[in-house]
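Peer 1: Mind having a look at this structure? Questions to follow.
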Amino acid sequence: MTRAFLLVLDSCGIGGAPDAASFFNGTVPDSGANTLGHIAAACAAGQAETGRSGPLRVPVLDGLGLGAALRLASGAASPGLAATPTGLWGAATEISRGKDTPSGHWELAGVPVPWEWTYFPATIPAFPPELSAEVARLAGTTGILGNRHAAGLAIIDELGAEHLRTGWPICYTSADSVFQIAAHEEAFGLERLLKLCRDLAPRLHAMRVGRVIARPFTGTPGAFRRTPNRHDYAIAPPAPTLLDWAAEAGRVTHAIGKISDIFSGHGVTRSHKGKSDAALFEHLLRLADEAEPNSFTFANFVEFDSQYGHPRDVSGYARALEWFDAAAGRFLARLGPGDLAIFTADHGNDPTWLGTDHTRERVPVVGWGVGARGIGQVGFVDVAASIAAHMGLAQTGPGRSFL
């Protein structure tokens, strides 16, 4: 049995990207950003004490080689991450010109992005008038709210009351190639919001905008909160990915979380959704027991990014890492001979950094199932090539297996 599990800790970068100076959070370059390293440093300094305390404790992943990967990528040791590796460990560098979800996931699955994404300017308004008019037409309203760069939670707090009064959708973007629409689940309607985003997506995809994201929320002014019913309408990958290679070879593929959305369903046999990362991890535990021989499971855990990275919540990010590490121990205990598990990330989102956007970083590649092995600096595409080699697939893409 040669099953493979690829687990993405969304945004858990480890610094050191060689081109970070050409990526920005507003006017601040990403050079020096280090999501995991700065979280560990803040914990050791007593600066991440909300809901937890003391140094960052991730003994399972650090035991496999997470701290070693961090030192390799950024050249510096971090408090609490100093175990001698017993697993596979290295650091991966991205070549796609983005620090976003589709670019990172597609390249991890063997397909670098061959085009430049379209980004909306940091102006007010941010969107072309004809695009705003089309959103209003599809929504059945006379206008839209927002129309600028914004953090999602902040703009909902700011414009939620006006949205309830006017019925206009709240539209905003970020440093990523995204068009996001927030609307109240009850007052505007969840299905209406999803249809709006679905109908708008082909126009945005033709513009090389990576995703249209539905951001439903509930509550009343002063107490708005997002719901778990987010949906991403992503542009399709430009070529077959690891998911397609496996599916075309007759292998069962499992997509946990937003993986199916990121890949527009291509190559996905079964999709497993949940209302939280904890719920998604229950799917992963079940699949560790039940996934078919020679199957491939691809999982994304988004709350590191959405709940803690973008809001710049260092304590929350640290709590999430410690929770995930404990859960990872339970997961690995269920794997058997021939199984391979790789833990990685798609980009950074340093909660100690200025701004609220993703940060351009290298990512960890930490693996279980092949013994202690340092693989050095690798490419994102090498992750796909390695999993394909482990599974005996004929297609391996442009990468090189590090197994």
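Letters for chains follow the order of the structure tokens (A, B, ...), residue numbers begin at 1 for each chain, and ligand numbers begin at 1 in the order shown.
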Taking the DSSP assignment computed from this structure's backbone, write out as a PyMOL selection string all residues of range 151-367 of chain A that belong to strand (DSSP E or B).
Peer 2: chain A and resi 170-173+178-184+211-218+225-226+231-234+253-256+270-272+296-301+340-344+348+359+363-367
Peer 1: Taking 4 positions as the minimum chain separation for residues in the same chain, which residues sit within 12 Å of Ala206 in chain A when counting only C-alpha atoms? Answer as a list in words.
Peer 2: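 So, after excluding close chain neighbours, the residues are Trp117, Thr118, Leu200, Ala201, Pro202, Gly210, Arg211, Val212, Ala234, Ile235 and Ala236 of chain A.
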Peer 1: Go ahead and write the residues just picked, N, CA, C and O atoms, as a tab-separated table (two decimals), in the first residue's frame.
Peer 2:
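Now in result-v9.tsv:
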```
chain	number	residue	atom	x	y	z
A	117	TRP	N	-0.87	37.40	-12.70
A	117	TRP	CA	-2.21	37.63	-12.19
A	117	TRP	C	-2.60	39.10	-12.35
A	117	TRP	O	-1.73	39.99	-12.38
A	118	THR	N	-3.88	39.35	-12.42
A	118	THR	CA	-4.39	40.72	-12.38
A	118	THR	C	-4.66	41.12	-10.94
A	118	THR	O	-5.32	40.38	-10.20
A	200	LEU	N	-20.49	35.84	-11.58
A	200	LEU	CA	-19.47	36.85	-11.84
A	200	LEU	C	-18.12	36.23	-12.18
A	200	LEU	O	-17.32	36.82	-12.91
A	201	ALA	N	-17.88	35.02	-11.67
A	201	ALA	CA	-16.55	34.42	-11.77
A	201	ALA	C	-16.01	34.32	-13.19
A	201	ALA	O	-14.83	34.65	-13.41
A	202	PRO	N	-16.77	33.90	-14.21
A	202	PRO	CA	-16.18	33.79	-15.56
A	202	PRO	C	-15.61	35.11	-16.07
A	202	PRO	O	-14.56	35.12	-16.73
A	210	GLY	N	-7.61	35.63	-9.93
A	210	GLY	CA	-7.55	34.23	-9.52
A	210	GLY	C	-8.80	33.67	-8.89
A	210	GLY	O	-9.18	32.54	-9.16
A	211	ARG	N	-9.46	34.48	-8.02
A	211	ARG	CA	-10.60	33.93	-7.29
A	211	ARG	C	-11.67	34.99	-7.08
A	211	ARG	O	-11.36	36.17	-6.84
A	212	VAL	N	-12.91	34.56	-7.14
A	212	VAL	CA	-14.04	35.33	-6.61
A	212	VAL	C	-14.46	34.59	-5.35
A	212	VAL	O	-14.73	33.39	-5.38
A	234	ALA	N	-12.53	29.61	-8.07
A	234	ALA	CA	-11.16	29.82	-8.56
A	234	ALA	C	-11.05	29.50	-10.03
A	234	ALA	O	-11.75	28.62	-10.57
A	235	ILE	N	-10.15	30.20	-10.69
A	235	ILE	CA	-9.82	29.90	-12.07
A	235	ILE	C	-9.22	28.50	-12.13
A	235	ILE	O	-8.56	28.05	-11.18
A	236	ALA	N	-9.46	27.77	-13.19
A	236	ALA	CA	-8.96	26.41	-13.31
A	236	ALA	C	-7.46	26.40	-13.55
A	236	ALA	O	-6.92	27.31	-14.19
```
Peer 1: For Leu88 in chain A, list every protein, DNA or RNA residue within 7 Å, evaluated using only C-alpha atoms, and leave out those in the same chain fewer than 3 positions away; present the list as a VMD selection string.
Peer 2: chain A and resid 64 to 65 366 to 368 370 to 374
Peer 1: Give me the residues within 8 Å of His254 in chain A as number ranges by chain, counting only C-alpha atoms and dropping any in the same chain fewer than 3 places off.
Peer 2: A: 268-272, 295-298
Peer 1: Could you pull the residues within 12 Å of Ser22 in chain A, counting only C-alpha atoms, minus those fewer than 6 positions along the same chain, as a list in words?
Peer 2: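 Using only C-alpha atoms, the neighbours found are Val28, Pro29, Asp30, Ser31, Gly32, Arg97, Gly98, Lys99, Thr359, Arg360 and Glu361 of chain A.
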Peer 1: A:Gly348, A:Gly316, A:Gly63, A:Pro311: which is nearest Leu9 in chain A, counting only C-alpha atoms?
Peer 2: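 Comparing A:Gly348, A:Gly316, A:Gly63, A:Pro311 against Leu9 in chain A, the winner is A:Gly348.
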Peer 1: Point out the residue among A:Gly369, A:Pro351, A:Pro237, A:Gly167 with the least atom-to-atom distance to Leu335 in chain A, counting only C-alpha atoms.
Peer 2: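 The closest residue to Leu335 in chain A is A:Gly369.
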Peer 1: Need the shell around Thr166 in chain A: protein/DNA/RNA residues with any atom at most 12 Å away, counting only C-alpha atoms. Skip same-chain ones fewer than 5 positions apart. Format as a PyMOL selection string?
Peer 2: chain A and resi 140-145+159-161+183-184+187-188
Peer 1: Based on the selection just made, write N, CA and C atoms of those residues as a tab-separated table (two decimals), in the first residue's frame.
Peer 2:
```tsv
chain	number	residue	atom	x	y	z
A	140	GLY	N	-28.85	42.63	-8.56
A	140	GLY	CA	-30.18	43.26	-8.56
A	140	GLY	C	-30.24	44.47	-7.68
A	141	THR	N	-29.10	45.18	-7.55
A	141	THR	CA	-29.04	46.39	-6.72
A	141	THR	C	-28.65	47.58	-7.61
A	142	THR	N	-28.68	48.76	-7.04
A	142	THR	CA	-28.30	49.95	-7.79
A	142	THR	C	-26.86	50.37	-7.53
A	143	GLY	N	-26.14	49.60	-6.74
A	143	GLY	CA	-24.74	49.93	-6.48
A	143	GLY	C	-24.08	48.89	-5.61
A	144	ILE	N	-22.80	49.13	-5.28
A	144	ILE	CA	-22.04	48.26	-4.39
A	144	ILE	C	-21.39	49.11	-3.30
A	145	LEU	N	-21.01	48.46	-2.22
A	145	LEU	CA	-20.28	49.12	-1.14
A	145	LEU	C	-18.82	48.67	-1.16
A	159	LEU	N	-19.00	48.48	7.26
A	159	LEU	CA	-20.08	48.68	6.27
A	159	LEU	C	-21.26	47.75	6.46
A	160	GLY	N	-21.21	46.88	7.47
A	160	GLY	CA	-22.30	45.92	7.65
A	160	GLY	C	-23.65	46.57	7.86
A	161	ALA	N	-23.69	47.63	8.66
A	161	ALA	CA	-24.97	48.30	8.92
A	161	ALA	C	-25.51	48.93	7.64
A	183	ALA	N	-21.70	39.48	2.27
A	183	ALA	CA	-23.14	39.78	2.38
A	183	ALA	C	-23.72	39.00	3.55
A	184	HIS	N	-24.78	39.55	4.12
A	184	HIS	CA	-25.43	38.95	5.28
A	184	HIS	C	-26.22	37.72	4.85
A	187	ALA	N	-30.22	38.49	5.61
A	187	ALA	CA	-30.79	39.67	4.96
A	187	ALA	C	-30.59	39.65	3.45
A	188	PHE	N	-29.39	39.29	3.00
A	188	PHE	CA	-29.09	39.23	1.57
A	188	PHE	C	-29.41	37.85	1.01
```
Peer 1: Quick one: pull the distance between CA of Ala326 in chain A and CA of Arg57 in chain A, Å, one decimal.
Peer 2: 9.5 Å
Peer 1: May I ask which of the residues A:Thr352, A:Gln395, A:Ser315, A:Thr50 is the closest one to Thr241 in chain A, counting only C-alpha atoms?
Peer 2: A:Gln395
Peer 1: Pick from A:Asp305, A:Asp199, A:Glu134, A:Asp232: nearest to Val178 in chain A, with only C-alpha atoms counted?
Peer 2: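 When distances to Val178 in chain A are compared using only C-alpha atoms, the smallest one comes from A:Asp232.
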Peer 1: Between A:Ala45, A:Ala33, A:Val378, A:Ala122, which is the closest to Ser74 in chain A once you count only C-alpha atoms?
Peer 2: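 Result for the nearest residue to Ser74 in chain A: A:Ala33.
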Peer 1: What is the distance between CA of Pro398 in chain A and CA of Pro240 in chain A, in Å to one decimal?
Peer 2: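 One can read the CA of Pro398 in chain A to CA of Pro240 in chain A distance as 11.8 Å.
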Peer 1: With only C-alpha atoms as the basis for distance, which of A:Leu280, A:Glu303, A:Arg3, A:Asp357 is at the shortest distance from Ser177 in chain A?
Peer 2: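 Of the candidates, the smallest distance to Ser177 in chain A is held by A:Asp357.
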Peer 1: Name the residues in contact with Ile181 in chain A at a cut-off of 6 Å, using only C-alpha atoms, excluding same-chain residues fewer than 6 positions from it; report them as JSON, numbers by chain.
Peer 2: {"A": [170, 171, 214, 215]}
